[in-house]
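This is coords-v3.cif. It holds mmCIF, C-alpha atoms.
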```
data_coords
#
loop_
_atom_site.label_atom_id
_atom_site.label_comp_id
_atom_site.auth_asym_id
_atom_site.auth_seq_id
_atom_site.Cartn_x
_atom_site.Cartn_y
_atom_site.Cartn_z
CA MET Z 9 -10.43 69.24 -57.32
CA ALA Z 10 -10.45 70.77 -53.85
CA ALA Z 11 -10.95 74.50 -53.63
CA GLN Z 12 -7.77 76.49 -53.06
CA PRO Z 13 -7.60 78.99 -50.20
CA ILE Z 14 -7.91 82.61 -51.22
CA PRO Z 15 -4.62 84.46 -50.64
CA ASN Z 16 -4.73 86.86 -47.68
CA GLU Z 17 -8.24 85.73 -46.77
CA PRO Z 18 -8.95 86.91 -43.18
CA LEU Z 19 -8.67 84.15 -40.60
CA SER Z 20 -11.65 83.44 -38.36
CA TYR Z 21 -11.03 82.66 -34.69
CA ASP Z 22 -14.65 82.93 -33.57
CA ASP Z 23 -14.78 79.28 -32.53
CA ASP Z 24 -12.26 80.01 -29.76
CA PRO Z 25 -13.94 82.01 -26.97
CA ALA Z 26 -10.65 83.69 -26.03
CA PHE Z 27 -10.56 85.68 -29.27
CA PRO Z 28 -13.93 87.48 -29.00
CA LEU Z 29 -13.04 88.43 -25.41
CA HIS Z 30 -9.78 90.03 -26.53
CA ARG Z 31 -11.14 91.74 -29.65
CA GLY Z 32 -10.30 95.44 -29.49
CA GLY Z 33 -8.18 94.91 -26.39
CA LYS Z 34 -9.18 94.62 -22.74
CA LEU Z 35 -8.58 98.22 -21.64
CA GLU Z 36 -9.77 101.76 -22.26
CA VAL Z 37 -8.99 105.26 -20.97
CA ARG Z 38 -11.84 107.09 -19.25
CA SER Z 39 -12.04 110.62 -17.90
CA THR Z 40 -12.49 111.21 -14.17
CA ILE Z 41 -14.30 114.56 -14.51
CA PRO Z 42 -17.23 115.66 -16.71
CA VAL Z 43 -16.87 118.22 -19.51
CA ARG Z 44 -20.42 119.47 -19.90
CA ASN Z 45 -19.94 123.07 -20.94
CA LYS Z 46 -17.40 125.78 -21.69
CA ASP Z 47 -16.74 126.41 -18.02
CA ASP Z 48 -15.80 122.77 -17.46
CA LEU Z 49 -13.62 122.88 -20.59
CA SER Z 50 -11.84 126.04 -19.49
CA LEU Z 51 -10.90 124.41 -16.18
CA ALA Z 52 -9.98 120.97 -17.50
CA TYR Z 53 -8.01 122.42 -20.38
CA THR Z 54 -7.02 125.93 -21.38
CA PRO Z 55 -6.82 128.40 -19.73
CA GLY Z 56 -7.29 126.76 -16.31
CA VAL Z 57 -4.77 124.01 -16.93
CA ALA Z 58 -2.02 126.61 -17.38
CA ARG Z 59 -2.28 127.65 -13.75
CA VAL Z 60 -1.75 124.04 -12.64
CA CYS Z 61 1.19 123.60 -15.02
CA THR Z 62 2.84 126.76 -13.73
CA ALA Z 63 2.44 125.64 -10.14
CA ILE Z 64 4.03 122.27 -10.93
CA ALA Z 65 6.89 123.98 -12.78
CA ASP Z 66 7.58 126.01 -9.63
CA HIS Z 67 7.00 123.08 -7.24
CA PRO Z 68 7.54 119.72 -9.06
CA GLU Z 69 6.26 117.70 -6.11
CA LEU Z 70 2.76 119.03 -6.87
CA ALA Z 71 2.62 116.65 -9.84
CA TYR Z 72 1.81 113.93 -7.30
CA ASP Z 73 -1.33 115.82 -6.25
CA TYR Z 74 -2.53 117.33 -9.51
CA THR Z 75 -1.77 114.66 -12.14
CA TRP Z 76 -2.23 110.89 -12.30
CA THR Z 77 1.47 110.15 -11.90
CA SER Z 78 1.22 109.24 -8.21
CA LYS Z 79 -1.17 106.35 -8.84
CA VAL Z 80 -0.43 104.86 -12.28
CA VAL Z 81 1.92 101.97 -13.08
CA ALA Z 82 3.76 101.42 -16.36
CA VAL Z 83 3.71 97.70 -17.18
CA VAL Z 84 6.84 97.36 -19.32
CA THR Z 85 8.08 94.41 -21.38
CA ASP Z 86 10.26 93.61 -24.35
CA GLY Z 87 8.38 90.36 -25.04
CA THR Z 88 11.35 88.07 -24.49
CA ALA Z 89 10.00 85.78 -21.73
CA VAL Z 90 6.23 85.79 -22.01
CA LEU Z 91 4.22 83.46 -19.74
CA GLY Z 92 6.05 80.30 -20.73
CA LEU Z 93 5.70 81.19 -24.42
CA GLY Z 94 9.23 82.55 -24.52
CA ASP Z 95 10.55 85.23 -26.86
CA ILE Z 96 7.45 86.08 -28.90
CA GLY Z 97 8.20 89.77 -29.36
CA PRO Z 98 6.53 92.99 -28.22
CA ALA Z 99 3.39 92.87 -30.39
CA ALA Z 100 2.48 89.33 -29.33
CA SER Z 101 3.12 90.21 -25.69
CA MET Z 102 0.45 92.91 -25.58
CA PRO Z 103 -2.50 90.64 -24.66
CA VAL Z 104 -0.53 89.56 -21.59
CA MET Z 105 0.46 93.13 -20.67
CA GLU Z 106 -3.17 94.22 -21.06
CA GLY Z 107 -4.10 91.31 -18.82
CA LYS Z 108 -1.61 92.49 -16.22
CA SER Z 109 -3.16 95.94 -16.26
CA LEU Z 110 -6.59 94.36 -15.95
CA LEU Z 111 -5.45 92.50 -12.82
CA PHE Z 112 -4.05 95.68 -11.27
CA LYS Z 113 -7.42 97.36 -11.70
CA GLU Z 114 -9.69 94.44 -10.79
CA PHE Z 115 -7.81 93.29 -7.69
CA ALA Z 116 -6.61 96.58 -6.17
CA GLY Z 117 -8.15 99.45 -8.13
CA VAL Z 118 -4.72 100.49 -9.42
CA ASP Z 119 -4.50 102.05 -12.89
CA SER Z 120 -1.73 101.00 -15.25
CA VAL Z 121 -0.62 101.28 -18.86
CA PRO Z 122 0.83 98.35 -20.85
CA ILE Z 123 3.97 99.28 -22.77
CA ALA Z 124 5.76 96.86 -25.12
CA LEU Z 125 9.19 98.03 -26.28
CA SER Z 126 10.63 97.15 -29.68
CA THR Z 127 14.14 96.63 -28.35
CA THR Z 128 15.93 93.98 -26.33
CA ASP Z 129 19.02 96.08 -25.73
CA VAL Z 130 19.58 96.66 -22.01
CA ASP Z 131 20.87 100.23 -22.45
CA GLU Z 132 17.97 101.16 -24.72
CA ILE Z 133 15.37 99.70 -22.34
CA VAL Z 134 16.85 101.49 -19.33
CA ASP Z 135 17.10 104.75 -21.26
CA THR Z 136 13.53 104.50 -22.61
CA VAL Z 137 11.95 103.70 -19.26
CA THR Z 138 13.97 106.42 -17.53
CA ARG Z 139 12.81 108.98 -20.07
CA MET Z 140 9.12 108.09 -19.74
CA ALA Z 141 9.19 107.69 -15.94
CA PRO Z 142 7.89 111.24 -15.20
CA SER Z 143 4.50 110.09 -16.51
CA PHE Z 144 4.14 107.29 -13.94
CA GLY Z 145 4.17 106.57 -10.22
CA GLY Z 146 5.76 103.12 -10.56
CA ILE Z 147 7.34 100.72 -13.02
CA ASN Z 148 6.31 97.05 -13.20
CA LEU Z 149 8.81 95.14 -15.33
CA GLU Z 150 7.25 92.09 -16.91
CA ASP Z 151 8.34 89.08 -18.97
CA ILE Z 152 11.92 90.22 -19.65
CA SER Z 153 14.35 87.35 -19.99
CA ALA Z 154 17.16 86.55 -17.56
CA PRO Z 155 19.87 87.51 -16.89
CA ARG Z 156 19.11 90.86 -18.59
CA CYS Z 157 16.15 91.45 -16.28
CA PHE Z 158 18.42 91.69 -13.23
CA GLU Z 159 20.59 94.43 -14.68
CA ILE Z 160 17.59 96.33 -16.04
CA GLU Z 161 15.85 96.36 -12.68
CA ASP Z 162 19.01 97.27 -10.76
CA ARG Z 163 19.82 100.17 -13.06
CA LEU Z 164 16.27 101.52 -13.05
CA ARG Z 165 16.08 101.30 -9.26
CA GLU Z 166 19.29 103.32 -9.13
CA ALA Z 167 18.11 105.88 -11.67
CA LEU Z 168 14.52 106.48 -10.55
CA ASP Z 169 12.87 107.71 -7.36
CA ILE Z 170 9.68 105.70 -7.90
CA PRO Z 171 9.02 102.01 -7.19
CA VAL Z 172 10.53 99.60 -9.72
CA PHE Z 173 9.38 96.00 -9.38
CA HIS Z 174 10.10 93.02 -11.63
CA ASP Z 175 7.06 90.87 -10.93
CA ASP Z 176 8.44 87.68 -12.47
CA GLN Z 177 11.10 87.80 -9.78
CA HIS Z 178 9.57 89.30 -6.71
CA GLY Z 179 5.88 88.53 -7.11
CA THR Z 180 6.58 84.83 -7.42
CA ALA Z 181 9.06 84.97 -4.54
CA ILE Z 182 6.66 86.76 -2.19
CA VAL Z 183 3.77 84.35 -2.77
CA ALA Z 184 6.07 81.32 -2.59
CA LEU Z 185 7.40 82.54 0.77
CA ALA Z 186 3.87 83.07 2.06
CA ALA Z 187 2.87 79.54 1.06
CA LEU Z 188 6.06 78.00 2.45
CA THR Z 189 5.64 79.85 5.75
CA ASN Z 190 2.25 78.23 6.18
CA ALA Z 191 3.40 74.84 4.91
CA ALA Z 192 6.21 74.86 7.47
CA ARG Z 193 3.70 75.78 10.19
CA LEU Z 194 1.51 72.88 9.08
CA ILE Z 195 4.27 70.28 9.35
CA GLY Z 196 5.52 71.75 12.61
CA LYS Z 197 8.96 72.91 11.50
CA PRO Z 198 10.42 76.43 11.54
CA LEU Z 199 11.85 77.75 8.28
CA SER Z 200 15.28 77.64 9.90
CA ASP Z 201 15.09 73.84 10.06
CA LEU Z 202 14.19 73.36 6.40
CA ARG Z 203 16.52 72.39 3.56
CA ALA Z 204 15.16 73.38 0.16
CA VAL Z 205 16.06 72.58 -3.44
CA VAL Z 206 15.10 75.06 -6.15
CA ALA Z 207 15.18 73.85 -9.76
CA GLY Z 208 15.65 76.73 -12.16
CA ALA Z 209 18.10 79.63 -11.91
CA GLY Z 210 16.18 82.15 -13.98
CA ALA Z 211 14.52 85.30 -12.67
CA SER Z 212 12.00 83.49 -10.48
CA GLY Z 213 14.37 80.84 -9.14
CA ILE Z 214 16.99 83.33 -8.04
CA ALA Z 215 14.44 85.69 -6.52
CA VAL Z 216 12.73 82.86 -4.62
CA SER Z 217 16.09 81.72 -3.28
CA ARG Z 218 17.00 85.22 -2.16
CA ILE Z 219 13.75 85.89 -0.33
CA LEU Z 220 13.86 82.50 1.41
CA ILE Z 221 17.37 83.27 2.63
CA ASN Z 222 16.23 86.69 3.88
CA ALA Z 223 13.34 84.96 5.66
CA GLY Z 224 15.78 82.64 7.44
CA ILE Z 225 15.50 79.28 5.70
CA GLY Z 226 17.98 76.68 6.94
CA ASP Z 227 19.70 75.97 3.64
CA ILE Z 228 18.84 76.10 -0.04
CA ALA Z 229 20.46 74.58 -3.10
CA LEU Z 230 19.73 76.02 -6.53
CA SER Z 231 20.19 74.23 -9.84
CA ASP Z 232 20.29 75.20 -13.49
CA SER Z 233 20.48 73.13 -16.67
CA LYS Z 234 24.04 72.07 -15.78
CA GLY Z 235 23.27 70.91 -12.25
CA LEU Z 236 23.62 72.35 -8.77
CA ILE Z 237 25.14 75.79 -8.38
CA TYR Z 238 28.00 76.13 -5.94
CA GLU Z 239 30.92 78.47 -5.38
CA GLY Z 240 33.76 77.77 -7.77
CA ARG Z 241 31.67 75.99 -10.41
CA ASP Z 242 32.90 76.77 -13.91
CA GLY Z 243 30.81 78.87 -16.27
CA LEU Z 244 28.71 80.80 -13.75
CA ASN Z 245 27.63 84.25 -14.88
CA PRO Z 246 27.91 87.12 -12.35
CA ILE Z 247 24.30 86.69 -11.18
CA LYS Z 248 24.83 82.99 -10.48
CA GLN Z 249 28.17 83.69 -8.83
CA ARG Z 250 26.44 86.00 -6.37
CA ILE Z 251 23.68 83.50 -5.59
CA ALA Z 252 26.28 80.74 -5.20
CA ALA Z 253 27.95 82.77 -2.46
CA ILE Z 254 24.84 82.77 -0.26
CA THR Z 255 23.30 79.34 -1.02
CA ASN Z 256 24.25 75.66 -0.85
CA ARG Z 257 26.16 75.83 2.42
CA SER Z 258 26.53 72.04 2.24
CA HIS Z 259 28.40 72.53 -1.04
CA LEU Z 260 26.34 69.87 -2.79
CA LYS Z 261 27.30 68.97 -6.34
CA GLY Z 262 25.62 66.97 -9.03
CA SER Z 263 21.96 66.97 -10.07
CA THR Z 264 18.69 68.30 -8.70
CA GLU Z 265 17.56 64.72 -8.18
CA GLU Z 266 20.58 63.92 -6.03
CA ALA Z 267 20.03 67.02 -3.90
CA LEU Z 268 16.41 66.02 -3.25
CA ARG Z 269 17.47 63.05 -1.10
CA GLY Z 270 16.42 64.00 2.41
CA ALA Z 271 15.38 67.52 1.39
CA ASP Z 272 12.34 69.08 3.07
CA VAL Z 273 11.28 71.35 0.23
CA PHE Z 274 11.31 71.20 -3.56
CA ILE Z 275 10.47 74.31 -5.57
CA GLY Z 276 10.31 73.85 -9.33
CA LEU Z 277 10.71 76.86 -11.62
CA SER Z 278 12.55 75.21 -14.45
CA GLY Z 279 10.10 73.66 -16.90
CA SER Z 280 11.88 70.34 -16.44
CA THR Z 281 10.50 67.03 -15.18
CA VAL Z 282 11.21 65.43 -11.82
CA HIS Z 283 10.42 61.72 -11.52
CA GLU Z 284 8.24 60.40 -8.73
CA SER Z 285 11.08 58.24 -7.45
CA CYS Z 286 13.05 61.41 -6.65
CA ILE Z 287 10.16 62.97 -4.72
CA ALA Z 288 9.93 59.71 -2.78
CA THR Z 289 13.49 60.22 -1.48
CA MET Z 290 12.61 63.51 0.24
CA SER Z 291 12.11 63.75 3.99
CA ASP Z 292 8.94 62.86 5.83
CA ASN Z 293 6.27 65.57 5.55
CA ALA Z 294 7.93 66.94 2.43
CA ILE Z 295 6.74 70.13 0.72
CA VAL Z 296 6.58 70.25 -3.09
CA PHE Z 297 5.95 73.44 -5.05
CA ALA Z 298 5.92 72.40 -8.73
CA LEU Z 299 5.38 75.84 -10.24
CA SER Z 300 6.17 75.53 -13.94
CA ASN Z 301 3.25 76.30 -16.26
CA PRO Z 302 1.40 74.80 -17.95
CA THR Z 303 3.12 71.52 -17.00
CA PRO Z 304 4.39 71.21 -13.41
CA GLU Z 305 7.71 69.45 -12.84
CA VAL Z 306 5.77 66.63 -11.20
CA HIS Z 307 2.02 66.09 -11.41
CA PRO Z 308 0.44 67.19 -8.11
CA GLU Z 309 -1.47 63.93 -7.69
CA VAL Z 310 1.80 62.04 -8.02
CA ALA Z 311 3.60 64.39 -5.62
CA ARG Z 312 0.85 63.94 -3.01
CA ARG Z 313 1.75 60.27 -2.69
CA HIS Z 314 4.95 61.36 -0.96
CA ALA Z 315 4.50 65.01 0.13
CA THR Z 316 2.30 66.56 2.79
CA VAL Z 317 1.86 69.87 0.98
CA VAL Z 318 1.78 70.33 -2.80
CA ALA Z 319 1.40 73.63 -4.65
CA THR Z 320 1.45 74.55 -8.34
CA GLY Z 321 1.13 77.64 -10.48
CA ARG Z 322 -2.17 76.41 -11.92
CA SER Z 323 -5.69 77.44 -10.97
CA ASP Z 324 -7.14 73.93 -11.37
CA PHE Z 325 -5.23 72.51 -8.39
CA PRO Z 326 -5.18 73.59 -4.73
CA ASN Z 327 -2.54 76.00 -3.41
CA GLN Z 328 -2.00 78.12 -6.50
CA ILE Z 329 1.12 80.28 -6.27
CA ASN Z 330 -0.31 83.26 -8.14
CA ASN Z 331 1.50 86.60 -8.40
CA VAL Z 332 -1.82 88.45 -8.35
CA LEU Z 333 -1.85 87.86 -4.60
CA ALA Z 334 1.12 90.22 -4.35
CA PHE Z 335 1.72 92.86 -6.99
CA PRO Z 336 -1.59 94.81 -6.92
CA GLY Z 337 -1.46 95.36 -3.15
CA ILE Z 338 2.28 96.06 -3.18
CA PHE Z 339 1.94 98.94 -5.61
CA LYS Z 340 -1.19 100.25 -3.91
CA GLY Z 341 0.59 100.23 -0.56
CA ALA Z 342 3.61 101.96 -2.04
CA PHE Z 343 1.37 104.58 -3.66
CA GLU Z 344 -0.54 105.24 -0.42
CA VAL Z 345 2.63 106.56 1.21
CA ARG Z 346 4.30 107.67 -2.04
CA ALA Z 347 7.23 105.37 -1.45
CA HIS Z 348 10.25 106.06 -3.63
CA SER Z 349 11.23 102.37 -3.72
CA ILE Z 350 10.15 98.88 -2.69
CA THR Z 351 12.48 97.50 -0.04
CA GLU Z 352 13.27 93.91 0.87
CA ASN Z 353 11.40 94.40 4.13
CA MET Z 354 8.31 95.54 2.22
CA LYS Z 355 8.40 92.28 0.25
CA LEU Z 356 8.71 90.26 3.45
CA ALA Z 357 5.82 92.21 4.97
CA ALA Z 358 3.69 91.41 1.92
CA ALA Z 359 4.49 87.71 2.26
CA THR Z 360 3.56 87.74 5.94
CA ALA Z 361 0.27 89.50 5.19
CA ILE Z 362 -0.63 86.91 2.56
CA ALA Z 363 0.28 84.02 4.84
CA ASP Z 364 -1.73 85.46 7.73
CA ILE Z 365 -4.95 85.43 5.68
CA VAL Z 366 -5.00 81.62 5.96
CA GLY Z 367 -4.96 81.75 9.76
CA ASP Z 368 -6.58 78.85 11.61
CA ASP Z 369 -8.02 77.39 8.40
CA LEU Z 370 -4.58 76.03 7.55
CA ALA Z 371 -4.72 72.61 5.84
CA PRO Z 372 -2.62 70.64 3.33
CA ASP Z 373 -4.81 71.96 0.50
CA TYR Z 374 -4.94 75.49 1.91
CA VAL Z 375 -1.57 77.06 2.67
CA VAL Z 376 -2.13 80.14 0.52
CA PRO Z 377 -5.33 82.14 -0.06
CA SER Z 378 -7.29 82.18 -3.29
CA PRO Z 379 -6.59 85.03 -5.72
CA PHE Z 380 -10.28 85.88 -5.33
CA ASP Z 381 -10.10 86.27 -1.56
CA GLU Z 382 -11.11 89.91 -1.12
CA ARG Z 383 -9.08 90.20 2.08
CA VAL Z 384 -5.74 89.83 0.33
CA ALA Z 385 -5.18 93.15 -1.46
CA PRO Z 386 -6.21 95.32 1.54
CA ALA Z 387 -3.99 93.28 3.87
CA VAL Z 388 -0.98 93.53 1.55
CA THR Z 389 -1.62 97.23 0.96
CA ALA Z 390 -1.67 97.99 4.68
CA ALA Z 391 1.39 95.87 5.44
CA VAL Z 392 3.45 97.37 2.63
CA ALA Z 393 2.48 100.94 3.50
CA ALA Z 394 3.34 100.40 7.18
CA GLN Z 395 6.69 98.82 6.31
CA ALA Z 396 7.52 101.63 3.90
CA ARG Z 397 7.06 104.07 6.77
CA ALA Z 398 9.17 101.89 9.05
CA ASP Z 399 11.92 101.74 6.41
CA GLY Z 400 11.78 105.49 5.83
CA VAL Z 401 11.08 105.30 2.09
CA ASN Z 402 7.72 107.10 2.35
CA ARG Z 403 7.06 110.67 1.22
CA ILE Z 404 3.76 111.04 3.10
#
```

Show how you would write the structure in this file as C-alpha cells.
Amino acid sequence: MAAQPIPNEPLSYDDDPAFPLHRGGKLEVRSTIPVRNKDDLSLAYTPGVARVCTAIADHPELAYDYTWTSKVVAVVTDGTAVLGLGDIGPAASMPVMEGKSLLFKEFAGVDSVPIALSTTDVDEIVDTVTRMAPSFGGINLEDISAPRCFEIEDRLREALDIPVFHDDQHGTAIVALAALTNAARLIGKPLSDLRAVVAGAGASGIAVSRILINAGIGDIALSDSKGLIYEGRDGLNPIKQRIAAITNRSHLKGSTEEALRGADVFIGLSGSTVHESCIATMSDNAIVFALSNPTPEVHPEVARRHATVVATGRSDFPNQINNVLAFPGIFKGAFEVRAHSITENMKLAAATAIADIVGDDLAPDYVVPSPFDERVAPAVTAAVAAQARADGVNRI
C-alpha cells in the first residue's frame, strides 16, 4: 500500500530556483549613518532628534530635507490585478511588490516600500493611502483592477501634494508611445498619419489610447470584450464613455478584427487572440505591438510575416515594452525637483527621452532600448525634471 502523505507536512520548493531566490523576501532596511558610540546615538535618536522634530513642527517643509520622505516611494496594491495572475489577494501580491521596489532601486537608485492592503474598497484604499502619505515622497499604485484604479488615482491626485502614478496605466503608455514614435520614424510616417487599433479597454488600454491622442496620433479605435467602443454604444461605464468621446473618429463598429483592415497599428492589451489572417489585412509597413503576457495576442514570428515592426511585453523577443524603462526615472526626476504631481507633459517628455536613446541605431528589431541600457534612467530623470520646471509643478 502506498505511503500516505503526512498532514501539514511542509512543502519543498527547492527544485524551483525562483523559490530560494525569494526566501526571506528581496528587500531589507539599512541605516544611512553609523551608530558607533553614545555620541552618535544621542544625535541619531534622543536627545538630538528632538531638535529636528521641533524644527519640522515649526516648518513642515523641512521634512523634505531632514527625513526620507522626499525620496521614498510607497508601492501600493490591493492584489486584484497582479501581473496577469488576476485577483490573487494582498499576501500573494507581495513578491511582485517587492520586485517593483527592487527595480526602483536597481535601475534608478530610488528607495521604495511595498505595501499590500487588505481591502478592495475604493474609499478605504483612498483613505488609507491618504493617511500614510506623510511618510512618503510619492505613491506608485500597482496591480489594482479597472475601473476602480482610475477613480483611486484621480482621488489621490486630488487629495495629495506628492506624485501619484498608476504604473499599469502610465508606465505602459509611456513606453508604448516611445516605441511607436520610433516605429513610425522607421516606416516614414508621422504619428498624425497613423490609424491605430487598441484591443483591451482596461487600465493599460485606456492609458495607451489617451497618451497616443495627446501625442497627436491620427485616429485610434479601442475595443473591449463586446467590440469596438464608440459614442452612444450601450453599456459603457463612465470611463469608457469618456474615452469614446475622444477616440474612433471614424465611428467604426463591430469587432477588433474588422477594424484592423487597413489599420497602420495594432496594440494588444487584452489577453485575447488575433488570427494571422487579420494581421494580413493591415496596411503596408504595419506595426504590431502584441503586449499581453505571457501569451501575446499574435506570436511575433507570425506577425513579422505581415508587419514591419513587432513588439511584445516579453524579454525573449526584440522590442520589449517594459515599464521599467519609465517609472524609475520618472519618480527620480520628480524627486529631484520635488514635484507635487506628474503632469501629462512630464509623461510625454519621458516617452521622448526613451525614444531618443535609440537614435541612429533604429531598426525593425530595435525601436525601443533595452531595460538594461544604462542611459535610460538618467535621460528620463533629466527630461522629467526639466518638464516639471517648465510646467511649474516643482518646489525646487

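Running the PyMOL selection byres ((chain Z and resi 127-132) around 7) on this file leaves Z:Asp86, Z:Leu125, Z:Ser126, Z:Ile133, Z:Val134, Z:Asp135, Z:Thr136, Z:Arg156, Z:Ile160 selected.
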
Shell around Val306 (chain Z) at 12 Å using only C-alpha atoms, local window under 2 positions removed, as number ranges by chain: Z: 207, 274-288, 296-304, 308-315, 318-321

Residue neighbourhood Arg203 (chain Z), 6 Å, only C-alpha atoms, exclusion window fewer than 3 positions, as a list in words: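 Using only C-alpha atoms, the neighbours found are Gly226, Asp227, Ile228, Ala271 and Asp272 of chain Z.
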
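With all atoms listed in the file as the atoms that count, the minimum distance from Leu370 (chain Z) to the choices Z:Ile123, Z:Ala294, Z:Ala191, Z:Ala393 is reached by Z:Ala191.
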
Residues matched by the PyMOL selection byres ((chain Z and resi 372-378) around 9) as number ranges by chain: Z: 183-184, 186-191, 194, 316-319, 325-330, 333, 362-366, 369-371, 379-382, 384

Å distance separating CA of Thr180 (chain Z) from CA of Ser217 (chain Z), one decimal place: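 Between these atoms lies a distance of 10.8 Å.
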
CA of Thr40 (chain Z) to CA of Pro336 (chain Z), distance in Å rounded to a single decimal: 21.0 Å

Expansion of the PyMOL selection byres ((chain Z and resi 354) around 8) into residues, as an mmCIF file with C-alpha atoms, in the frame of the given file:
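Here's the written file selection_23.cif:
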```
data_model
loop_
_atom_site.group_PDB
_atom_site.id
_atom_site.type_symbol
_atom_site.label_atom_id
_atom_site.label_comp_id
_atom_site.auth_asym_id
_atom_site.auth_seq_id
_atom_site.Cartn_x
_atom_site.Cartn_y
_atom_site.Cartn_z
ATOM 1 C CA ILE Z 350 10.150 98.880 -2.690
ATOM 2 C CA THR Z 351 12.480 97.500 -0.040
ATOM 3 C CA GLU Z 352 13.270 93.910 0.870
ATOM 4 C CA ASN Z 353 11.400 94.400 4.130
ATOM 5 C CA LYS Z 355 8.400 92.280 0.250
ATOM 6 C CA LEU Z 356 8.710 90.260 3.450
ATOM 7 C CA ALA Z 357 5.820 92.210 4.970
ATOM 8 C CA ALA Z 358 3.690 91.410 1.920
ATOM 9 C CA ALA Z 391 1.390 95.870 5.440
ATOM 10 C CA VAL Z 392 3.450 97.370 2.630
ATOM 11 C CA GLN Z 395 6.690 98.820 6.310
ATOM 12 C CA ALA Z 396 7.520 101.630 3.900
#
```

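From CA of Ala116 (chain Z) back to CA of Arg38 (chain Z), the distance works out to 17.6 Å.
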
Residues within 8 Å of Gly262 (chain Z), all atoms listed in the file, excluding chain neighbours under 4 positions, as a ChimeraX atom specification: /Z:235-236,266-267

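Distances here use only C-alpha atoms; by that measure, the residue among Z:Thr360, Z:Ser153, Z:Thr85, Z:Thr77 closest to Ala390 (chain Z) is Z:Thr360.
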